[in-house]
Amino acid sequence: MFKLIEDIVEAPGVAELRKIAAEAKFVDGRVSNPHSKVKNNLQLHEQGVAERAAQILAGGLLSHQEFFDFAFPKAIAPPILTRYEKGMRYGLHPDAAMMQLPTGPLRSDLSCTIFLSDPESYEGGALRLQLGSAELRFKGPAGSAIVYPSTTLHEVEPVTSGTRLVGLTFIQSRIADPALRDILYELNEVAALEGNSIAPENFSRLQAVQYNLMRRWIDAP
């Protein structure tokens, strides 16, 4: 399942991130994946401002209830700012299953792109997700995010004009199995939307199913 979430980063945060990107030093994006033959982008590489950018991006995710409800996050990799200029792209690839962080290893269950450029300010540069013989493309409004399973083959199509600025992060979910995670998300959404119209005794029974599935499927804290 894929989830487009609006207003992950509000306008002041977007403005600050754009200012950081305009003033800070970016380096070849392969600094974080030196063996890649398909990666051609730029990555923020100044420690102080990179930490501030990560703080803004992570803060947006962690304060957004819709993100929590969808991802069931257990751990989040520090988000990074990446930039694509004209001619840059990131060819079709999977995301690594395990990532080494200063706090320890993280299993990438979900990947997240946070859009920071206005979509009309650049041409090309769509995030393309491949689903067998089908495909989905995303160019979200500034401040929005797309969250999708890290098992998905995906690419960033070539930017033909303008600049594409995004934040990237990876999430370890408390529910590793994507099918189980989707079932619980849908069940919780229906309960939240329809709970007031259900007889109280039946809503209590529905809550019991929700909680028992969470006990069965969610990783230990």
# chains A, B, ... in the order shown; residues from 1 in each chain; ligands from 1
>>> select_by_dssp(residues="range 30-181 of chain A", states="strand (DSSP E)", output="ChimeraX atom specification")
/A:39-40,42-44,73-76,80-84,89-93,98-101,104-107,110-115,123-124,127-131,134-138,145-149,153-156,159-161,164-173
>>> write_last_selection(atoms="C-alpha atoms", output="PDB file, in the first residue's frame")
ATOM      1  CA  LYS A  39      22.459   6.990  -8.707  1.00  0.00           C
ATOM      2  CA  ASN A  40      23.060  10.503 -10.028  1.00  0.00           C
ATOM      3  CA  LEU A  42      23.389  15.481  -4.873  1.00  0.00           C
ATOM      4  CA  GLN A  43      23.218  15.046  -1.111  1.00  0.00           C
ATOM      5  CA  LEU A  44      23.572  17.549   1.740  1.00  0.00           C
ATOM      6  CA  PRO A  73       6.960   3.371  13.233  1.00  0.00           C
ATOM      7  CA  LYS A  74       9.458   1.745  15.553  1.00  0.00           C
ATOM      8  CA  ALA A  75      12.556   3.598  14.287  1.00  0.00           C
ATOM      9  CA  ILE A  76      13.247   6.234  11.633  1.00  0.00           C
ATOM     10  CA  ILE A  80      18.596  13.485   4.389  1.00  0.00           C
ATOM     11  CA  LEU A  81      18.176  16.286   1.854  1.00  0.00           C
ATOM     12  CA  THR A  82      18.837  15.356  -1.755  1.00  0.00           C
ATOM     13  CA  ARG A  83      18.802  17.547  -4.839  1.00  0.00           C
ATOM     14  CA  TYR A  84      18.420  16.790  -8.529  1.00  0.00           C
ATOM     15  CA  ARG A  89      18.144  10.887 -12.063  1.00  0.00           C
ATOM     16  CA  TYR A  90      18.180   7.794  -9.867  1.00  0.00           C
ATOM     17  CA  GLY A  91      17.653   4.705 -11.983  1.00  0.00           C
ATOM     18  CA  LEU A  92      15.505   1.726 -11.088  1.00  0.00           C
ATOM     19  CA  HIS A  93      16.608   0.202  -7.788  1.00  0.00           C
ATOM     20  CA  MET A  98      19.277  -3.228   6.524  1.00  0.00           C
ATOM     21  CA  MET A  99      20.911   0.114   7.257  1.00  0.00           C
ATOM     22  CA  GLN A 100      23.592   0.854   9.823  1.00  0.00           C
ATOM     23  CA  LEU A 101      22.800   3.924  11.912  1.00  0.00           C
ATOM     24  CA  GLY A 104      22.281   0.514  15.570  1.00  0.00           C
ATOM     25  CA  PRO A 105      20.873  -1.380  12.568  1.00  0.00           C
ATOM     26  CA  LEU A 106      17.528  -0.450  11.050  1.00  0.00           C
ATOM     27  CA  ARG A 107      15.382  -2.755   8.924  1.00  0.00           C
ATOM     28  CA  LEU A 110       8.955   1.582   4.487  1.00  0.00           C
ATOM     29  CA  SER A 111      10.593   4.283   2.403  1.00  0.00           C
ATOM     30  CA  CYS A 112       9.519   7.910   2.490  1.00  0.00           C
ATOM     31  CA  THR A 113      10.057  10.824   0.104  1.00  0.00           C
ATOM     32  CA  ILE A 114       9.153  14.296   1.372  1.00  0.00           C
ATOM     33  CA  PHE A 115       8.638  16.758  -1.487  1.00  0.00           C
ATOM     34  CA  GLU A 123      10.079  19.214 -15.230  1.00  0.00           C
ATOM     35  CA  GLY A 124      10.538  15.460 -15.070  1.00  0.00           C
ATOM     36  CA  LEU A 127       9.124   9.214  -8.409  1.00  0.00           C
ATOM     37  CA  ARG A 128       8.111   6.133 -10.378  1.00  0.00           C
ATOM     38  CA  LEU A 129       7.095   2.996  -8.475  1.00  0.00           C
ATOM     39  CA  GLN A 130       7.049  -0.269 -10.417  1.00  0.00           C
ATOM     40  CA  LEU A 131       4.355  -2.808  -9.543  1.00  0.00           C
ATOM     41  CA  ALA A 134       2.026  -1.486 -13.736  1.00  0.00           C
ATOM     42  CA  GLU A 135       3.559   1.745 -12.477  1.00  0.00           C
ATOM     43  CA  LEU A 136       2.699   4.789 -10.371  1.00  0.00           C
ATOM     44  CA  ARG A 137       4.242   8.274 -10.575  1.00  0.00           C
ATOM     45  CA  PHE A 138       4.335  10.898  -7.841  1.00  0.00           C
ATOM     46  CA  ALA A 145       5.202  12.913   1.606  1.00  0.00           C
ATOM     47  CA  ILE A 146       4.773   9.571  -0.122  1.00  0.00           C
ATOM     48  CA  VAL A 147       5.298   6.489   2.053  1.00  0.00           C
ATOM     49  CA  TYR A 148       5.652   3.120   0.340  1.00  0.00           C
ATOM     50  CA  PRO A 149       7.028  -0.383   1.008  1.00  0.00           C
ATOM     51  CA  LEU A 153      11.364  -1.246  -7.208  1.00  0.00           C
ATOM     52  CA  HIS A 154      11.421   2.483  -7.923  1.00  0.00           C
ATOM     53  CA  GLU A 155      13.303   5.263  -9.653  1.00  0.00           C
ATOM     54  CA  VAL A 156      13.485   9.042  -9.939  1.00  0.00           C
ATOM     55  CA  VAL A 159      14.930  16.066 -14.327  1.00  0.00           C
ATOM     56  CA  THR A 160      14.706  17.982 -17.587  1.00  0.00           C
ATOM     57  CA  SER A 161      14.544  21.506 -16.120  1.00  0.00           C
ATOM     58  CA  ARG A 164      13.997  18.790  -7.500  1.00  0.00           C
ATOM     59  CA  LEU A 165      14.587  19.029  -3.729  1.00  0.00           C
ATOM     60  CA  VAL A 166      13.347  16.239  -1.471  1.00  0.00           C
ATOM     61  CA  GLY A 167      13.926  14.688   1.917  1.00  0.00           C
ATOM     62  CA  LEU A 168      14.423  10.932   2.190  1.00  0.00           C
ATOM     63  CA  THR A 169      14.120   8.537   5.082  1.00  0.00           C
ATOM     64  CA  PHE A 170      13.469   4.892   5.906  1.00  0.00           C
ATOM     65  CA  ILE A 171      11.225   3.457   8.574  1.00  0.00           C
ATOM     66  CA  GLN A 172      11.340   0.267  10.589  1.00  0.00           C
ATOM     67  CA  SER A 173       7.730  -0.580  11.363  1.00  0.00           C
TER      68      SER A 173
END
>>> select_by_dssp(residues="range 43-201 of chain A", states="alpha helix (DSSP H)", output="PDB file with C-alpha atoms, in the first residue's frame")
ATOM      1  CA  GLN A  47      27.043  18.086   9.448  1.00  0.00           C
ATOM      2  CA  GLY A  48      25.494  20.991  11.339  1.00  0.00           C
ATOM      3  CA  VAL A  49      22.917  21.988   8.754  1.00  0.00           C
ATOM      4  CA  ALA A  50      22.292  18.343   7.819  1.00  0.00           C
ATOM      5  CA  GLU A  51      21.330  17.686  11.425  1.00  0.00           C
ATOM      6  CA  ARG A  52      18.991  20.684  11.404  1.00  0.00           C
ATOM      7  CA  ALA A  53      17.388  19.525   8.162  1.00  0.00           C
ATOM      8  CA  ALA A  54      16.925  16.023   9.612  1.00  0.00           C
ATOM      9  CA  GLN A  55      15.360  17.537  12.732  1.00  0.00           C
ATOM     10  CA  ILE A  56      12.769  19.461  10.692  1.00  0.00           C
ATOM     11  CA  LEU A  57      11.914  16.492   8.482  1.00  0.00           C
ATOM     12  CA  ALA A  58      11.744  13.928  11.285  1.00  0.00           C
ATOM     13  CA  GLY A  59       9.785  16.340  13.449  1.00  0.00           C
ATOM     14  CA  GLY A  60       7.185  16.685  10.717  1.00  0.00           C
ATOM     15  CA  LEU A  61       6.779  12.932  10.413  1.00  0.00           C
ATOM     16  CA  LEU A  62       6.699  12.238  14.134  1.00  0.00           C
ATOM     17  CA  GLN A  65      -0.926  11.246  13.302  1.00  0.00           C
ATOM     18  CA  GLU A  66      -1.687   9.985   9.801  1.00  0.00           C
ATOM     19  CA  PHE A  67       1.936   8.897   9.423  1.00  0.00           C
ATOM     20  CA  PHE A  68       1.823   7.020  12.741  1.00  0.00           C
ATOM     21  CA  ASP A  69      -1.458   5.333  11.843  1.00  0.00           C
ATOM     22  CA  PHE A  70      -0.110   4.127   8.496  1.00  0.00           C
ATOM     23  CA  ALA A  71       3.511   3.230   9.309  1.00  0.00           C
ATOM     24  CA  PRO A 178       3.325  -5.419   4.870  1.00  0.00           C
ATOM     25  CA  ALA A 179       0.149  -7.452   4.357  1.00  0.00           C
ATOM     26  CA  LEU A 180      -0.556  -7.576   8.100  1.00  0.00           C
ATOM     27  CA  ARG A 181       0.310  -3.888   8.437  1.00  0.00           C
ATOM     28  CA  ASP A 182      -2.167  -2.982   5.686  1.00  0.00           C
ATOM     29  CA  ILE A 183      -4.930  -5.102   7.249  1.00  0.00           C
ATOM     30  CA  LEU A 184      -4.524  -3.442  10.638  1.00  0.00           C
ATOM     31  CA  TYR A 185      -4.358   0.038   9.108  1.00  0.00           C
ATOM     32  CA  GLU A 186      -7.593  -0.540   7.176  1.00  0.00           C
ATOM     33  CA  LEU A 187      -9.337  -2.017  10.227  1.00  0.00           C
ATOM     34  CA  ASN A 188      -8.260   0.920  12.398  1.00  0.00           C
ATOM     35  CA  GLU A 189      -9.390   3.423   9.747  1.00  0.00           C
ATOM     36  CA  VAL A 190     -12.841   1.848   9.445  1.00  0.00           C
ATOM     37  CA  ALA A 191     -13.202   1.760  13.240  1.00  0.00           C
ATOM     38  CA  ALA A 192     -12.249   5.440  13.473  1.00  0.00           C
ATOM     39  CA  LEU A 193     -14.603   6.499  10.671  1.00  0.00           C
ATOM     40  CA  GLU A 194     -17.613   4.365  11.562  1.00  0.00           C
ATOM     41  CA  PRO A 200     -21.566   0.474  21.663  1.00  0.00           C
ATOM     42  CA  GLU A 201     -21.431  -3.244  22.431  1.00  0.00           C
TER      43      GLU A 201
END
>>> closest_residue(among="A:Lys3, A:Lys37, A:Arg18, A:Arg216", to="Ser117 in chain A", atoms="only C-alpha atoms")
A:Arg18
>>> decode(residues="range 86-126 of chain A", atoms="N, CA and C atoms", output="PDB file, in the first residue's frame")
ATOM      1  N   LYS A  86      19.195  19.580 -13.499  1.00  0.00           N
ATOM      2  CA  LYS A  86      18.872  19.142 -14.854  1.00  0.00           C
ATOM      3  C   LYS A  86      19.783  17.993 -15.280  1.00  0.00           C
ATOM      4  N   GLY A  87      19.180  16.929 -15.803  1.00  0.00           N
ATOM      5  CA  GLY A  87      19.923  15.767 -16.282  1.00  0.00           C
ATOM      6  C   GLY A  87      20.146  14.697 -15.232  1.00  0.00           C
ATOM      7  N   MET A  88      19.878  14.993 -13.966  1.00  0.00           N
ATOM      8  CA  MET A  88      20.109  14.005 -12.903  1.00  0.00           C
ATOM      9  C   MET A  88      18.905  13.082 -12.760  1.00  0.00           C
ATOM     10  N   ARG A  89      19.181  11.890 -12.262  1.00  0.00           N
ATOM     11  CA  ARG A  89      18.144  10.887 -12.063  1.00  0.00           C
ATOM     12  C   ARG A  89      18.664   9.848 -11.060  1.00  0.00           C
ATOM     13  N   TYR A  90      17.778   8.948 -10.668  1.00  0.00           N
ATOM     14  CA  TYR A  90      18.180   7.794  -9.867  1.00  0.00           C
ATOM     15  C   TYR A  90      17.479   6.607 -10.499  1.00  0.00           C
ATOM     16  N   GLY A  91      18.231   5.801 -11.217  1.00  0.00           N
ATOM     17  CA  GLY A  91      17.653   4.705 -11.983  1.00  0.00           C
ATOM     18  C   GLY A  91      16.974   3.660 -11.120  1.00  0.00           C
ATOM     19  N   LEU A  92      16.304   2.743 -11.769  1.00  0.00           N
ATOM     20  CA  LEU A  92      15.505   1.726 -11.088  1.00  0.00           C
ATOM     21  C   LEU A  92      16.353   0.953 -10.082  1.00  0.00           C
ATOM     22  N   HIS A  93      15.836   0.849  -8.851  1.00  0.00           N
ATOM     23  CA  HIS A  93      16.608   0.202  -7.788  1.00  0.00           C
ATOM     24  C   HIS A  93      15.685  -0.208  -6.644  1.00  0.00           C
ATOM     25  N   PRO A  94      16.135  -1.162  -5.823  1.00  0.00           N
ATOM     26  CA  PRO A  94      15.470  -1.450  -4.555  1.00  0.00           C
ATOM     27  C   PRO A  94      16.197  -0.707  -3.439  1.00  0.00           C
ATOM     28  N   ASP A  95      15.576  -0.551  -2.298  1.00  0.00           N
ATOM     29  CA  ASP A  95      16.259   0.004  -1.132  1.00  0.00           C
ATOM     30  C   ASP A  95      16.861  -1.144  -0.311  1.00  0.00           C
ATOM     31  N   ALA A  96      17.994  -0.868   0.294  1.00  0.00           N
ATOM     32  CA  ALA A  96      18.683  -1.884   1.096  1.00  0.00           C
ATOM     33  C   ALA A  96      17.768  -2.361   2.224  1.00  0.00           C
ATOM     34  N   ALA A  97      17.889  -3.644   2.552  1.00  0.00           N
ATOM     35  CA  ALA A  97      17.036  -4.217   3.595  1.00  0.00           C
ATOM     36  C   ALA A  97      17.445  -3.766   4.993  1.00  0.00           C
ATOM     37  N   MET A  98      18.756  -3.625   5.221  1.00  0.00           N
ATOM     38  CA  MET A  98      19.277  -3.228   6.524  1.00  0.00           C
ATOM     39  C   MET A  98      20.183  -2.020   6.347  1.00  0.00           C
ATOM     40  N   MET A  99      20.090  -1.094   7.287  1.00  0.00           N
ATOM     41  CA  MET A  99      20.911   0.114   7.257  1.00  0.00           C
ATOM     42  C   MET A  99      21.571   0.305   8.611  1.00  0.00           C
ATOM     43  N   GLN A 100      22.850   0.630   8.590  1.00  0.00           N
ATOM     44  CA  GLN A 100      23.592   0.854   9.823  1.00  0.00           C
ATOM     45  C   GLN A 100      23.492   2.326  10.215  1.00  0.00           C
ATOM     46  N   LEU A 101      22.930   2.579  11.377  1.00  0.00           N
ATOM     47  CA  LEU A 101      22.800   3.924  11.912  1.00  0.00           C
ATOM     48  C   LEU A 101      23.660   4.051  13.160  1.00  0.00           C
ATOM     49  N   PRO A 102      23.957   5.266  13.600  1.00  0.00           N
ATOM     50  CA  PRO A 102      24.728   5.434  14.839  1.00  0.00           C
ATOM     51  C   PRO A 102      24.064   4.754  16.042  1.00  0.00           C
ATOM     52  N   THR A 103      22.730   4.626  15.993  1.00  0.00           N
ATOM     53  CA  THR A 103      22.003   3.999  17.096  1.00  0.00           C
ATOM     54  C   THR A 103      21.871   2.487  16.927  1.00  0.00           C
ATOM     55  N   GLY A 104      22.374   1.946  15.816  1.00  0.00           N
ATOM     56  CA  GLY A 104      22.281   0.514  15.570  1.00  0.00           C
ATOM     57  C   GLY A 104      21.625   0.233  14.234  1.00  0.00           C
ATOM     58  N   PRO A 105      21.447  -1.042  13.876  1.00  0.00           N
ATOM     59  CA  PRO A 105      20.873  -1.380  12.568  1.00  0.00           C
ATOM     60  C   PRO A 105      19.385  -1.065  12.506  1.00  0.00           C
ATOM     61  N   LEU A 106      18.943  -0.713  11.305  1.00  0.00           N
ATOM     62  CA  LEU A 106      17.528  -0.450  11.050  1.00  0.00           C
ATOM     63  C   LEU A 106      17.086  -1.298   9.870  1.00  0.00           C
ATOM     64  N   ARG A 107      15.979  -2.004  10.027  1.00  0.00           N
ATOM     65  CA  ARG A 107      15.382  -2.755   8.924  1.00  0.00           C
ATOM     66  C   ARG A 107      14.453  -1.819   8.157  1.00  0.00           C
ATOM     67  N   SER A 108      14.663  -1.677   6.874  1.00  0.00           N
ATOM     68  CA  SER A 108      13.842  -0.743   6.090  1.00  0.00           C
ATOM     69  C   SER A 108      12.573  -1.449   5.627  1.00  0.00           C
ATOM     70  N   ASP A 109      11.489  -1.185   6.330  1.00  0.00           N
ATOM     71  CA  ASP A 109      10.180  -1.713   5.944  1.00  0.00           C
ATOM     72  C   ASP A 109       9.450  -0.753   5.014  1.00  0.00           C
ATOM     73  N   LEU A 110       9.633   0.547   5.267  1.00  0.00           N
ATOM     74  CA  LEU A 110       8.955   1.582   4.487  1.00  0.00           C
ATOM     75  C   LEU A 110       9.964   2.643   4.082  1.00  0.00           C
ATOM     76  N   SER A 111       9.783   3.167   2.891  1.00  0.00           N
ATOM     77  CA  SER A 111      10.593   4.283   2.403  1.00  0.00           C
ATOM     78  C   SER A 111       9.701   5.513   2.308  1.00  0.00           C
ATOM     79  N   CYS A 112      10.302   6.682   2.470  1.00  0.00           N
ATOM     80  CA  CYS A 112       9.519   7.910   2.490  1.00  0.00           C
ATOM     81  C   CYS A 112      10.251   9.018   1.759  1.00  0.00           C
ATOM     82  N   THR A 113       9.576   9.629   0.801  1.00  0.00           N
ATOM     83  CA  THR A 113      10.057  10.824   0.104  1.00  0.00           C
ATOM     84  C   THR A 113       9.200  12.002   0.526  1.00  0.00           C
ATOM     85  N   ILE A 114       9.848  13.071   0.983  1.00  0.00           N
ATOM     86  CA  ILE A 114       9.153  14.296   1.372  1.00  0.00           C
ATOM     87  C   ILE A 114       9.464  15.353   0.318  1.00  0.00           C
ATOM     88  N   PHE A 115       8.455  15.806  -0.388  1.00  0.00           N
ATOM     89  CA  PHE A 115       8.638  16.758  -1.487  1.00  0.00           C
ATOM     90  C   PHE A 115       8.801  18.172  -0.922  1.00  0.00           C
ATOM     91  N   LEU A 116       9.823  18.880  -1.409  1.00  0.00           N
ATOM     92  CA  LEU A 116      10.116  20.220  -0.907  1.00  0.00           C
ATOM     93  C   LEU A 116      10.101  21.283  -2.007  1.00  0.00           C
ATOM     94  N   SER A 117      10.158  20.863  -3.256  1.00  0.00           N
ATOM     95  CA  SER A 117      10.031  21.790  -4.380  1.00  0.00           C
ATOM     96  C   SER A 117       8.582  21.820  -4.845  1.00  0.00           C
ATOM     97  N   ASP A 118       8.100  22.978  -5.274  1.00  0.00           N
ATOM     98  CA  ASP A 118       6.781  23.028  -5.897  1.00  0.00           C
ATOM     99  C   ASP A 118       6.827  22.207  -7.183  1.00  0.00           C
ATOM    100  N   PRO A 119       5.856  21.331  -7.422  1.00  0.00           N
ATOM    101  CA  PRO A 119       5.934  20.441  -8.587  1.00  0.00           C
ATOM    102  C   PRO A 119       6.015  21.170  -9.920  1.00  0.00           C
ATOM    103  N   GLU A 120       5.442  22.377  -9.990  1.00  0.00           N
ATOM    104  CA  GLU A 120       5.491  23.123 -11.246  1.00  0.00           C
ATOM    105  C   GLU A 120       6.837  23.818 -11.457  1.00  0.00           C
ATOM    106  N   SER A 121       7.737  23.765 -10.461  1.00  0.00           N
ATOM    107  CA  SER A 121       9.020  24.457 -10.582  1.00  0.00           C
ATOM    108  C   SER A 121      10.084  23.609 -11.283  1.00  0.00           C
ATOM    109  N   TYR A 122       9.768  22.351 -11.573  1.00  0.00           N
ATOM    110  CA  TYR A 122      10.727  21.508 -12.287  1.00  0.00           C
ATOM    111  C   TYR A 122       9.973  20.552 -13.205  1.00  0.00           C
ATOM    112  N   GLU A 123      10.647  20.160 -14.272  1.00  0.00           N
ATOM    113  CA  GLU A 123      10.079  19.214 -15.230  1.00  0.00           C
ATOM    114  C   GLU A 123      10.765  17.865 -15.055  1.00  0.00           C
ATOM    115  N   GLY A 124       9.993  16.792 -15.304  1.00  0.00           N
ATOM    116  CA  GLY A 124      10.538  15.460 -15.070  1.00  0.00           C
ATOM    117  C   GLY A 124      10.652  15.220 -13.569  1.00  0.00           C
ATOM    118  N   GLY A 125      11.534  14.288 -13.203  1.00  0.00           N
ATOM    119  CA  GLY A 125      11.830  14.074 -11.794  1.00  0.00           C
ATOM    120  C   GLY A 125      10.737  13.404 -10.999  1.00  0.00           C
ATOM    121  N   ALA A 126       9.791  12.730 -11.653  1.00  0.00           N
ATOM    122  CA  ALA A 126       8.748  12.027 -10.910  1.00  0.00           C
ATOM    123  C   ALA A 126       9.338  10.798 -10.222  1.00  0.00           C
TER     124      ALA A 126
END
